[in-house]
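S.K.: Please read through the structure below; I'll follow up with questions.
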Amino acid sequence: MGMRGKRLLASLPVLILSGFLGSVAEAQATEPLQWSVKQAIGYALVHSPDVAVAHSRITEKEEAKGEVFSKFLPDLSIDAGYRYLDNIPRIETDIQVDSPVPGGPPIALQDSREIGANDNWLARLSLKQLLFASGRVYYAHRAAGKQVEATRQEEETTKLGVARQTAQAYLSVLIADAVSDVQREALSTAQAHLEQVQNRYDAGVANRLELLRAQVEVSNVEPRVIEAEQGIETAFILLRRASGLGREVEIELTDSLEAEVEPIDEEKELEHARAMRPEFKVLEYSQSATEDLALAKRGGMLPMMQLTSTFGYEKPYFAVNDWEQVFTVGVGIQVPLFDGLESYRGMRCARAAAETLTLAAVQTHANVRTEVRTAVLALREAAVRMNSTKDNKDRADQMLDISKHSYAAGAATNVEVIDAQLAATTARLEHLKALFDYRNAQIH
C-alpha cells in the first residue's frame with residue numbers, strides 16, 4: 001500500500017465525519033456536488049449499503065450475546081388454570097373394633113369421603129435459577145462476546161473494502177474522462193488534418209488516395225470517442241454504487257489523475273498492513289470464541305445444579321376443599337449419563353474449527369505479505385512506466401507537430417502525418433494507463 005493509500009485508509013473516522021457533513025451539504029446544494037477522493041470515501045462510509053449490512057450484523061451478534069446472558073437470570077413464570085373433575089376419588093372406611101365393654105359386640109365403623117372436588121383451581125408463581133452449569137453458560141456467553149468483537153472487526157474490514165472500491169471507482173472516472181479527452185483531441189486533430197488534405201485535394205495538390213486515408217482515419221477515431229464517453233458513464237455508475245450516492249445528485253470530481261512518485265520501504269509497508277488489516281483481529285477473536293464454545297459444549301457432559309421454588313394457591317388442597325397457600329423450594333442436580341455423544345461431538349467440532357482458524361491466520365499473514373510485495377512491485381513498475389511514457393508522450397507530441405508542419409510545407413507525406421497522430425494518441429493513452437496503475441497500486 002502506497003503512502004497516499006495509507007493516509008486515506010488511516011483516516012477513516014475523519015472521512016466518516018466528512019461524509020456526514022458532505023451529506024448535509026448535499027441536501028442543501030442546488031449545484032453539482034464537488035467531490036475529492038477523500039470526500040467520496042467519507043460519503044461512502046456513511047451511505048454505503050455494504051457498511052449498513054455489516055453494522056446490522058453487529059446488532060445481531062449483540063442480541064445473540066444477550067440471549068446467552070439471559071440463562072444467568074432467573075426464570076419466573078405464572079401458572080393459572082381450572083380443571084373439572086367428573087369422577088372424584090372417594091375413600092371408603094369399613095372396619096370393626098372391639099367393644100370397650102367386656103363381652104359387648106364389636107363396633108362397626110363405616111364412612112365414605114370424597115377426596116377433592118369437581119372444580120379444581122390453581123394459581124402458582126414459579127422460580128427457576130441456574131446455580132451451576134459446569135461452564136456451559138459462562139463459556140457460551142464469553143464466546144458470544146468475542147463474536148461481537150469479531151463482527152466489529154468485520155465491519156472495519158468492510159469499511160476498508162468500501163474505501164478501496166470507492167477510491168478505485170473514483171480513479172476509474174478520472175481515467176475514463178482523461179481517455180475521452182485524448183480521443184476527442186485525436187478526433188479534432190484527424191478532422192483538422194482531413195480539412196487540410198481536402199483543401200490540398202481541391203487545389204489539385206493532393207491525390208484521391210491521400211483524401212481517402214484522411215477520411216478513413218477520422219472514421220476510425222469517431223467510434224473511439226463514443227466508446228470513451230460511454231466509459232465515463234459506466235465509471236460514474238460504479239462510483240455511485242460504491243459510494244451509495246443517488247442518481248439524482250450531480251457530482252464533479254476535483255482531484256486529478258496526476259501523481260508524484262514516492263519512496264517505498266517494503267518492510268514498513270508490511271508492518272503498516274499488519275497494523276491496518278482488521279482480518280487478523282477477526283481471526284483472533286473468532287479462534288478464541290470457538291475455543292470457548294468447545295468448553296461450553298464440554299459442560300454439557302458435566303453436572304448442572306438448579307434452584308426451583310414455587311408459591312401459590314390451590315383449591316382443593318388434598319382433602320381440604322378450600323384455598324390453601326402452598327410454598328416449595330428445592331435444589332436439584334442433573335448428571336448427564338448419555339446424550340448420544342452430542343456434547344462430545346460438539347466439543348470436538350468446536351476444537352476443530354478453532355484449529356482451522358489458527359491455520360487460516362497463518363495463511364492470512366502469508367497472503368498479506370504476498371499482497372504487499374505485489375503492490376510494491378506494481379508501484380515500482382508503474383513509477384518506471386510513468387517516467388518513460390511521459391518522455392515518450394513528449395517525443396510523440398513533438399513528432400506530430402513536426403509532421404503537421406512538414407506536411408503543410410510539402411516535406412512530409414499524408415501517411416507520415418497519420419502515423420504520427422496514431423503514435424501520439426497511443427503514447428498519451430500509455431501514459432494515462434501508467435498513472436492509473438500507479439494510483440491504483442497506492443490504494444492497495
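Simple scheme: letters A, B, ... for chains in C-alpha cells order, numbers from 1 for residues in each chain, numbers from 1 for ligands in the order shown.
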Name all residues at most 8 Å from range 307-309 of chain A (count only C-alpha atoms; drop same-chain ones fewer than 4 positions away) and give them as a ChimeraX atom specification.
M.R.: /A:126-131,327-332
S.K.: Could you save those same residues with C-alpha atoms as a PDB file, in the first residue's frame?
M.R.:
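Final file, selection_32.pdb:
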ATOM      1  CA  SER A 126     -42.662 -20.495  39.790  1.00  0.00           C
ATOM      2  CA  LEU A 127     -38.997 -19.528  40.001  1.00  0.00           C
ATOM      3  CA  LYS A 128     -36.025 -21.341  38.485  1.00  0.00           C
ATOM      4  CA  GLN A 129     -32.454 -20.166  38.963  1.00  0.00           C
ATOM      5  CA  LEU A 130     -29.382 -21.789  37.484  1.00  0.00           C
ATOM      6  CA  LEU A 131     -26.740 -22.219  40.180  1.00  0.00           C
ATOM      7  CA  PHE A 327     -44.763 -22.819  49.075  1.00  0.00           C
ATOM      8  CA  THR A 328     -41.963 -25.111  47.927  1.00  0.00           C
ATOM      9  CA  VAL A 329     -38.213 -24.674  47.479  1.00  0.00           C
ATOM     10  CA  GLY A 330     -35.582 -27.146  46.432  1.00  0.00           C
ATOM     11  CA  VAL A 331     -32.233 -27.691  44.770  1.00  0.00           C
ATOM     12  CA  GLY A 332     -31.762 -30.284  42.080  1.00  0.00           C
TER      13      GLY A 332
END
S.K.: Near Tyr317 in chain A, within 10 Å and counting only C-alpha atoms, which residues show up once chain neighbours fewer than 2 positions away are dropped, as a list of chain:residue names?
M.R.: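 That gives A:Ile115, A:Gly116, A:Ala117, A:Asn120, A:Trp121, A:Leu122, A:Tyr313, A:Glu314, A:Lys315, A:Ala319, A:Val320, A:Asn321, A:Asp322, A:Trp323, A:Glu324, A:Gln325, A:Val326.
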S.K.: Based on DSSP run over this structure's backbone, return all residues of range 29-260 of chain A in strand (DSSP E), as a compact mmCIF listing (two decimals) with all heavy atoms, in the first residue's frame.
M.R.:
# COMPACT_ATOMS: atom_id res chain seq x y z
N LEU A 33 -22.31 18.54 -6.88
CA LEU A 33 -21.52 18.28 -5.67
C LEU A 33 -20.05 18.15 -6.04
O LEU A 33 -19.67 17.37 -6.91
CB LEU A 33 -22.01 16.99 -5.02
CG LEU A 33 -21.42 16.62 -3.66
CD1 LEU A 33 -21.78 17.65 -2.62
CD2 LEU A 33 -21.93 15.24 -3.25
N GLN A 34 -19.21 18.96 -5.40
CA GLN A 34 -17.77 18.93 -5.65
C GLN A 34 -17.15 17.85 -4.76
O GLN A 34 -17.24 17.91 -3.54
CB GLN A 34 -17.15 20.30 -5.33
CG GLN A 34 -17.77 21.46 -6.10
CD GLN A 34 -17.46 21.38 -7.59
OE1 GLN A 34 -16.34 21.08 -7.99
NE2 GLN A 34 -18.47 21.66 -8.41
N TRP A 35 -16.53 16.89 -5.41
CA TRP A 35 -16.01 15.73 -4.68
C TRP A 35 -14.52 15.54 -4.92
O TRP A 35 -14.07 15.43 -6.06
CB TRP A 35 -16.73 14.47 -5.15
CG TRP A 35 -17.75 13.96 -4.17
CD1 TRP A 35 -18.22 14.61 -3.08
CD2 TRP A 35 -18.39 12.69 -4.20
NE1 TRP A 35 -19.14 13.83 -2.42
CE2 TRP A 35 -19.27 12.65 -3.09
CE3 TRP A 35 -18.33 11.60 -5.05
CZ2 TRP A 35 -20.07 11.56 -2.82
CZ3 TRP A 35 -19.14 10.51 -4.78
CH2 TRP A 35 -20.00 10.48 -3.68
N ASP A 75 -35.66 -17.57 35.92
CA ASP A 75 -36.79 -17.86 35.04
C ASP A 75 -38.05 -17.83 35.90
O ASP A 75 -38.28 -18.72 36.72
CB ASP A 75 -36.60 -19.22 34.38
CG ASP A 75 -37.70 -19.53 33.37
OD1 ASP A 75 -38.64 -18.73 33.27
OD2 ASP A 75 -37.62 -20.59 32.71
N LEU A 76 -38.83 -16.78 35.74
CA LEU A 76 -40.01 -16.57 36.57
C LEU A 76 -41.26 -16.70 35.70
O LEU A 76 -41.35 -16.08 34.63
CB LEU A 76 -39.96 -15.18 37.21
CG LEU A 76 -40.99 -14.85 38.30
CD1 LEU A 76 -40.83 -15.77 39.50
CD2 LEU A 76 -40.87 -13.39 38.71
N SER A 77 -42.23 -17.48 36.18
CA SER A 77 -43.45 -17.68 35.40
C SER A 77 -44.66 -17.82 36.33
O SER A 77 -44.52 -18.16 37.51
CB SER A 77 -43.33 -18.92 34.51
OG SER A 77 -43.16 -20.09 35.31
N ILE A 78 -45.81 -17.55 35.77
CA ILE A 78 -47.09 -17.68 36.49
C ILE A 78 -47.91 -18.75 35.81
O ILE A 78 -48.10 -18.72 34.59
CB ILE A 78 -47.86 -16.35 36.52
CG1 ILE A 78 -47.09 -15.30 37.32
CG2 ILE A 78 -49.25 -16.54 37.10
CD1 ILE A 78 -47.77 -13.95 37.35
N ASP A 79 -48.40 -19.70 36.61
CA ASP A 79 -49.30 -20.74 36.11
C ASP A 79 -50.67 -20.53 36.75
O ASP A 79 -50.78 -20.33 37.97
CB ASP A 79 -48.78 -22.13 36.49
CG ASP A 79 -47.41 -22.40 35.89
OD1 ASP A 79 -47.16 -21.90 34.79
OD2 ASP A 79 -46.60 -23.09 36.53
N ALA A 80 -51.67 -20.59 35.97
CA ALA A 80 -53.05 -20.48 36.47
C ALA A 80 -53.93 -21.38 35.62
O ALA A 80 -53.73 -21.49 34.41
CB ALA A 80 -53.54 -19.04 36.41
N GLY A 81 -54.88 -22.03 36.28
CA GLY A 81 -55.73 -22.92 35.50
C GLY A 81 -56.94 -23.41 36.27
O GLY A 81 -57.05 -23.25 37.50
N TYR A 82 -57.82 -23.99 35.51
CA TYR A 82 -59.05 -24.58 36.07
C TYR A 82 -59.23 -25.94 35.42
O TYR A 82 -58.99 -26.12 34.23
CB TYR A 82 -60.26 -23.69 35.75
CG TYR A 82 -61.58 -24.40 35.99
CD1 TYR A 82 -62.09 -24.54 37.27
CD2 TYR A 82 -62.29 -24.93 34.91
CE1 TYR A 82 -63.29 -25.20 37.48
CE2 TYR A 82 -63.49 -25.59 35.12
CZ TYR A 82 -63.98 -25.72 36.40
OH TYR A 82 -65.18 -26.39 36.62
N ARG A 83 -59.66 -26.93 36.26
CA ARG A 83 -59.90 -28.27 35.76
C ARG A 83 -61.15 -28.83 36.42
O ARG A 83 -61.29 -28.75 37.66
CB ARG A 83 -58.70 -29.16 36.06
CG ARG A 83 -58.82 -30.56 35.48
CD ARG A 83 -57.61 -31.40 35.81
NE ARG A 83 -57.45 -31.56 37.25
CZ ARG A 83 -56.55 -32.34 37.83
NH1 ARG A 83 -55.68 -32.99 37.08
NH2 ARG A 83 -56.48 -32.42 39.14
N TYR A 84 -62.02 -29.38 35.61
CA TYR A 84 -63.24 -30.01 36.14
C TYR A 84 -63.02 -31.50 36.20
O TYR A 84 -62.64 -32.14 35.23
CB TYR A 84 -64.43 -29.71 35.24
CG TYR A 84 -65.71 -30.37 35.73
CD1 TYR A 84 -66.47 -29.80 36.76
CD2 TYR A 84 -66.15 -31.57 35.16
CE1 TYR A 84 -67.62 -30.41 37.21
CE2 TYR A 84 -67.30 -32.18 35.61
CZ TYR A 84 -68.03 -31.61 36.63
OH TYR A 84 -69.18 -32.22 37.10
N ARG A 90 -62.92 -41.32 46.07
CA ARG A 90 -63.56 -41.46 47.38
C ARG A 90 -62.76 -42.45 48.22
O ARG A 90 -62.18 -43.41 47.71
CB ARG A 90 -64.99 -41.97 47.25
CG ARG A 90 -65.88 -41.11 46.37
CD ARG A 90 -67.28 -41.72 46.26
NE ARG A 90 -67.97 -41.70 47.53
CZ ARG A 90 -68.71 -40.69 47.98
NH1 ARG A 90 -68.87 -39.61 47.22
NH2 ARG A 90 -69.31 -40.74 49.15
N ILE A 91 -62.77 -42.25 49.52
CA ILE A 91 -62.13 -43.17 50.45
C ILE A 91 -63.24 -43.83 51.28
O ILE A 91 -64.01 -43.15 51.97
CB ILE A 91 -61.14 -42.44 51.38
CG1 ILE A 91 -59.97 -41.89 50.55
CG2 ILE A 91 -60.62 -43.39 52.45
CD1 ILE A 91 -58.94 -41.18 51.38
N GLU A 92 -63.35 -45.14 51.17
CA GLU A 92 -64.35 -45.91 51.91
C GLU A 92 -63.71 -46.49 53.17
O GLU A 92 -62.63 -47.09 53.10
CB GLU A 92 -64.90 -47.05 51.05
CG GLU A 92 -65.54 -46.62 49.75
CD GLU A 92 -66.88 -45.93 49.98
OE1 GLU A 92 -67.44 -46.08 51.08
OE2 GLU A 92 -67.35 -45.23 49.04
N THR A 93 -64.38 -46.30 54.28
CA THR A 93 -63.90 -46.83 55.56
C THR A 93 -64.93 -47.83 56.10
O THR A 93 -66.10 -47.50 56.28
CB THR A 93 -63.72 -45.70 56.59
OG1 THR A 93 -62.82 -44.73 56.04
CG2 THR A 93 -63.15 -46.24 57.88
N ASP A 94 -64.50 -49.09 56.33
CA ASP A 94 -65.38 -50.13 56.86
C ASP A 94 -64.55 -51.06 57.75
O ASP A 94 -63.94 -52.01 57.29
CB ASP A 94 -66.02 -50.92 55.72
CG ASP A 94 -67.05 -51.93 56.22
OD1 ASP A 94 -67.36 -51.90 57.44
OD2 ASP A 94 -67.53 -52.72 55.40
N ILE A 95 -64.50 -50.72 59.02
CA ILE A 95 -63.69 -51.50 59.96
C ILE A 95 -64.52 -51.82 61.20
O ILE A 95 -65.55 -51.18 61.47
CB ILE A 95 -62.43 -50.73 60.36
CG1 ILE A 95 -62.80 -49.42 61.04
CG2 ILE A 95 -61.52 -50.49 59.15
CD1 ILE A 95 -61.59 -48.67 61.58
N GLN A 96 -64.08 -52.82 61.90
CA GLN A 96 -64.69 -53.21 63.18
C GLN A 96 -63.62 -53.19 64.27
O GLN A 96 -62.52 -53.67 64.06
CB GLN A 96 -65.29 -54.62 63.09
CG GLN A 96 -66.55 -54.69 62.22
CD GLN A 96 -67.19 -56.07 62.25
OE1 GLN A 96 -66.61 -57.03 62.76
NE2 GLN A 96 -68.39 -56.16 61.71
N VAL A 97 -64.03 -52.67 65.38
CA VAL A 97 -63.13 -52.64 66.54
C VAL A 97 -63.82 -53.31 67.72
O VAL A 97 -65.06 -53.38 67.78
CB VAL A 97 -62.74 -51.19 66.88
CG1 VAL A 97 -61.99 -50.55 65.70
CG2 VAL A 97 -63.96 -50.36 67.22
N ILE A 107 -67.71 -53.03 67.51
CA ILE A 107 -68.27 -51.77 66.99
C ILE A 107 -67.83 -51.62 65.52
O ILE A 107 -66.65 -51.72 65.20
CB ILE A 107 -67.77 -50.57 67.82
CG1 ILE A 107 -68.20 -50.72 69.28
CG2 ILE A 107 -68.28 -49.26 67.23
CD1 ILE A 107 -67.65 -49.66 70.19
N ALA A 108 -68.81 -51.40 64.67
CA ALA A 108 -68.54 -51.22 63.21
C ALA A 108 -68.38 -49.73 62.91
O ALA A 108 -69.23 -48.93 63.29
CB ALA A 108 -69.65 -51.83 62.38
N LEU A 109 -67.28 -49.40 62.20
CA LEU A 109 -67.01 -48.01 61.76
C LEU A 109 -67.05 -47.98 60.23
O LEU A 109 -66.21 -48.59 59.55
CB LEU A 109 -65.64 -47.52 62.25
CG LEU A 109 -65.45 -47.49 63.78
CD1 LEU A 109 -64.04 -47.05 64.13
CD2 LEU A 109 -66.47 -46.52 64.39
N GLN A 110 -68.04 -47.32 59.72
CA GLN A 110 -68.20 -47.20 58.28
C GLN A 110 -68.31 -45.71 57.90
O GLN A 110 -69.04 -44.97 58.55
CB GLN A 110 -69.44 -47.96 57.81
CG GLN A 110 -69.35 -49.46 58.01
CD GLN A 110 -70.62 -50.15 57.50
OE1 GLN A 110 -71.66 -49.52 57.33
NE2 GLN A 110 -70.51 -51.46 57.28
N ASP A 111 -67.57 -45.35 56.82
CA ASP A 111 -67.59 -43.94 56.37
C ASP A 111 -67.21 -43.89 54.89
O ASP A 111 -66.51 -44.77 54.39
CB ASP A 111 -66.62 -43.08 57.19
CG ASP A 111 -66.85 -41.59 56.95
OD1 ASP A 111 -67.90 -41.23 56.38
OD2 ASP A 111 -65.95 -40.80 57.30
N SER A 112 -67.65 -42.86 54.20
CA SER A 112 -67.32 -42.64 52.78
C SER A 112 -67.09 -41.14 52.59
O SER A 112 -67.98 -40.33 52.84
CB SER A 112 -68.45 -43.13 51.88
OG SER A 112 -68.15 -42.86 50.53
N ARG A 113 -65.86 -40.79 52.15
CA ARG A 113 -65.50 -39.37 51.96
C ARG A 113 -64.86 -39.16 50.57
O ARG A 113 -64.09 -39.99 50.10
CB ARG A 113 -64.50 -38.92 53.03
CG ARG A 113 -65.09 -38.85 54.43
CD ARG A 113 -64.07 -38.36 55.43
NE ARG A 113 -64.64 -38.24 56.76
CZ ARG A 113 -65.27 -37.17 57.22
NH1 ARG A 113 -65.40 -36.11 56.41
NH2 ARG A 113 -65.77 -37.14 58.43
N GLU A 114 -65.25 -38.02 49.97
CA GLU A 114 -64.64 -37.64 48.70
C GLU A 114 -63.31 -36.91 48.96
O GLU A 114 -63.24 -36.06 49.84
CB GLU A 114 -65.56 -36.70 47.90
CG GLU A 114 -66.83 -37.40 47.42
CD GLU A 114 -67.71 -36.45 46.62
OE1 GLU A 114 -67.48 -35.22 46.73
OE2 GLU A 114 -68.60 -36.93 45.89
N ASP A 119 -64.63 -28.95 40.94
CA ASP A 119 -63.94 -27.74 40.46
C ASP A 119 -62.57 -27.64 41.11
O ASP A 119 -62.45 -27.54 42.33
CB ASP A 119 -64.76 -26.50 40.77
CG ASP A 119 -66.11 -26.53 40.08
OD1 ASP A 119 -66.15 -26.89 38.89
OD2 ASP A 119 -67.12 -26.22 40.73
N ASN A 120 -61.54 -27.65 40.25
CA ASN A 120 -60.16 -27.59 40.75
C ASN A 120 -59.51 -26.32 40.20
O ASN A 120 -59.49 -26.08 38.98
CB ASN A 120 -59.36 -28.81 40.28
CG ASN A 120 -59.82 -30.09 40.96
OD1 ASN A 120 -59.22 -30.53 41.94
ND2 ASN A 120 -60.90 -30.69 40.46
N TRP A 121 -58.92 -25.52 41.09
CA TRP A 121 -58.33 -24.23 40.73
C TRP A 121 -56.86 -24.21 41.15
O TRP A 121 -56.47 -24.82 42.14
CB TRP A 121 -59.07 -23.08 41.42
CG TRP A 121 -60.55 -23.05 41.13
CD1 TRP A 121 -61.53 -23.72 41.78
CD2 TRP A 121 -61.17 -22.31 40.09
NE1 TRP A 121 -62.76 -23.46 41.23
CE2 TRP A 121 -62.57 -22.58 40.18
CE3 TRP A 121 -60.72 -21.45 39.08
CZ2 TRP A 121 -63.49 -22.03 39.31
CZ3 TRP A 121 -61.63 -20.89 38.23
CH2 TRP A 121 -62.99 -21.18 38.33
N LEU A 122 -56.08 -23.47 40.36
CA LEU A 122 -54.65 -23.38 40.64
C LEU A 122 -54.14 -22.00 40.23
O LEU A 122 -54.43 -21.51 39.14
CB LEU A 122 -53.86 -24.46 39.87
CG LEU A 122 -52.33 -24.35 39.90
CD1 LEU A 122 -51.81 -24.59 41.31
CD2 LEU A 122 -51.70 -25.31 38.91
N ALA A 123 -53.37 -21.36 41.10
CA ALA A 123 -52.65 -20.11 40.79
C ALA A 123 -51.28 -20.22 41.46
O ALA A 123 -51.20 -20.32 42.69
CB ALA A 123 -53.41 -18.90 41.30
N ARG A 124 -50.21 -20.20 40.60
CA ARG A 124 -48.88 -20.50 41.16
C ARG A 124 -47.81 -19.64 40.48
O ARG A 124 -47.84 -19.42 39.26
CB ARG A 124 -48.56 -21.98 40.95
CG ARG A 124 -47.22 -22.43 41.49
CD ARG A 124 -47.10 -23.93 41.41
NE ARG A 124 -47.33 -24.40 40.05
CZ ARG A 124 -47.67 -25.65 39.74
NH1 ARG A 124 -47.86 -26.53 40.73
NH2 ARG A 124 -47.83 -26.01 38.50
N LEU A 125 -46.87 -19.16 41.28
CA LEU A 125 -45.71 -18.42 40.82
C LEU A 125 -44.50 -19.33 40.95
O LEU A 125 -44.19 -19.81 42.04
CB LEU A 125 -45.52 -17.15 41.65
CG LEU A 125 -44.36 -16.22 41.24
CD1 LEU A 125 -44.61 -15.61 39.87
CD2 LEU A 125 -44.15 -15.13 42.28
N SER A 126 -43.79 -19.56 39.80
CA SER A 126 -42.66 -20.49 39.79
C SER A 126 -41.36 -19.74 39.49
O SER A 126 -41.33 -18.85 38.64
CB SER A 126 -42.86 -21.59 38.73
OG SER A 126 -44.05 -22.31 39.00
N LEU A 127 -40.31 -20.13 40.18
CA LEU A 127 -39.00 -19.53 40.00
C LEU A 127 -37.96 -20.62 39.80
O LEU A 127 -37.92 -21.60 40.55
CB LEU A 127 -38.62 -18.69 41.23
CG LEU A 127 -37.19 -18.14 41.26
CD1 LEU A 127 -37.01 -17.08 40.19
CD2 LEU A 127 -36.84 -17.58 42.64
N LYS A 128 -37.14 -20.43 38.73
CA LYS A 128 -36.02 -21.34 38.49
C LYS A 128 -34.76 -20.51 38.34
O LYS A 128 -34.74 -19.53 37.60
CB LYS A 128 -36.25 -22.16 37.22
CG LYS A 128 -37.44 -23.12 37.31
CD LYS A 128 -37.59 -23.90 36.01
CE LYS A 128 -38.78 -24.84 36.08
NZ LYS A 128 -38.96 -25.61 34.81
N GLN A 129 -33.71 -20.90 39.01
CA GLN A 129 -32.45 -20.17 38.96
C GLN A 129 -31.30 -21.15 38.79
O GLN A 129 -31.13 -22.06 39.61
CB GLN A 129 -32.25 -19.34 40.22
CG GLN A 129 -30.90 -18.65 40.32
CD GLN A 129 -30.68 -17.65 39.20
OE1 GLN A 129 -31.47 -16.73 39.04
NE2 GLN A 129 -29.62 -17.83 38.43
N LEU A 130 -30.55 -20.95 37.71
CA LEU A 130 -29.38 -21.79 37.48
C LEU A 130 -28.30 -21.43 38.50
O LEU A 130 -27.94 -20.27 38.66
CB LEU A 130 -28.86 -21.58 36.06
CG LEU A 130 -27.66 -22.42 35.66
CD1 LEU A 130 -28.05 -23.89 35.57
CD2 LEU A 130 -27.10 -21.94 34.32
N LEU A 131 -27.79 -22.43 39.19
CA LEU A 131 -26.74 -22.22 40.18
C LEU A 131 -25.37 -22.60 39.65
O LEU A 131 -24.38 -21.89 39.88
CB LEU A 131 -27.04 -23.03 41.44
CG LEU A 131 -28.34 -22.68 42.17
CD1 LEU A 131 -28.51 -23.58 43.39
CD2 LEU A 131 -28.36 -21.21 42.58
N PHE A 132 -25.31 -23.69 38.92
CA PHE A 132 -24.03 -24.18 38.44
C PHE A 132 -24.28 -25.02 37.20
O PHE A 132 -25.17 -25.87 37.19
CB PHE A 132 -23.33 -25.00 39.53
CG PHE A 132 -22.02 -25.60 39.09
CD1 PHE A 132 -20.89 -24.80 38.93
CD2 PHE A 132 -21.91 -26.95 38.84
CE1 PHE A 132 -19.69 -25.35 38.53
CE2 PHE A 132 -20.71 -27.51 38.45
CZ PHE A 132 -19.59 -26.70 38.29
N ILE A 251 -22.49 15.22 -9.61
CA ILE A 251 -21.19 15.34 -8.94
C ILE A 251 -20.14 15.77 -9.96
O ILE A 251 -20.22 15.45 -11.15
CB ILE A 251 -20.77 14.03 -8.26
CG1 ILE A 251 -20.78 12.87 -9.27
CG2 ILE A 251 -21.63 13.71 -7.08
CD1 ILE A 251 -20.28 11.57 -8.68
N GLU A 252 -19.15 16.48 -9.45
CA GLU A 252 -17.97 16.85 -10.21
C GLU A 252 -16.74 16.46 -9.40
O GLU A 252 -16.66 16.78 -8.21
CB GLU A 252 -17.95 18.36 -10.51
CG GLU A 252 -19.02 18.81 -11.49
CD GLU A 252 -18.92 20.29 -11.79
OE1 GLU A 252 -18.01 20.95 -11.21
OE2 GLU A 252 -19.74 20.80 -12.58
N LEU A 253 -15.80 15.78 -10.03
CA LEU A 253 -14.60 15.32 -9.34
C LEU A 253 -13.53 16.40 -9.40
O LEU A 253 -13.27 16.97 -10.47
CB LEU A 253 -14.10 14.03 -9.97
CG LEU A 253 -15.13 12.89 -10.10
CD1 LEU A 253 -14.44 11.62 -10.55
CD2 LEU A 253 -15.88 12.68 -8.80
S.K.: Work out how far apart CA of Ile264 in chain A and CA of Met386 in chain A are and give it in Å to one decimal.
M.R.: 15.7 Å
S.K.: When distances are computed from only C-alpha atoms, which of A:Asp50, A:Glu154, A:Glu258, A:Asp265 shows the smallest separation from Ala242 in chain A?
M.R.: A:Asp50
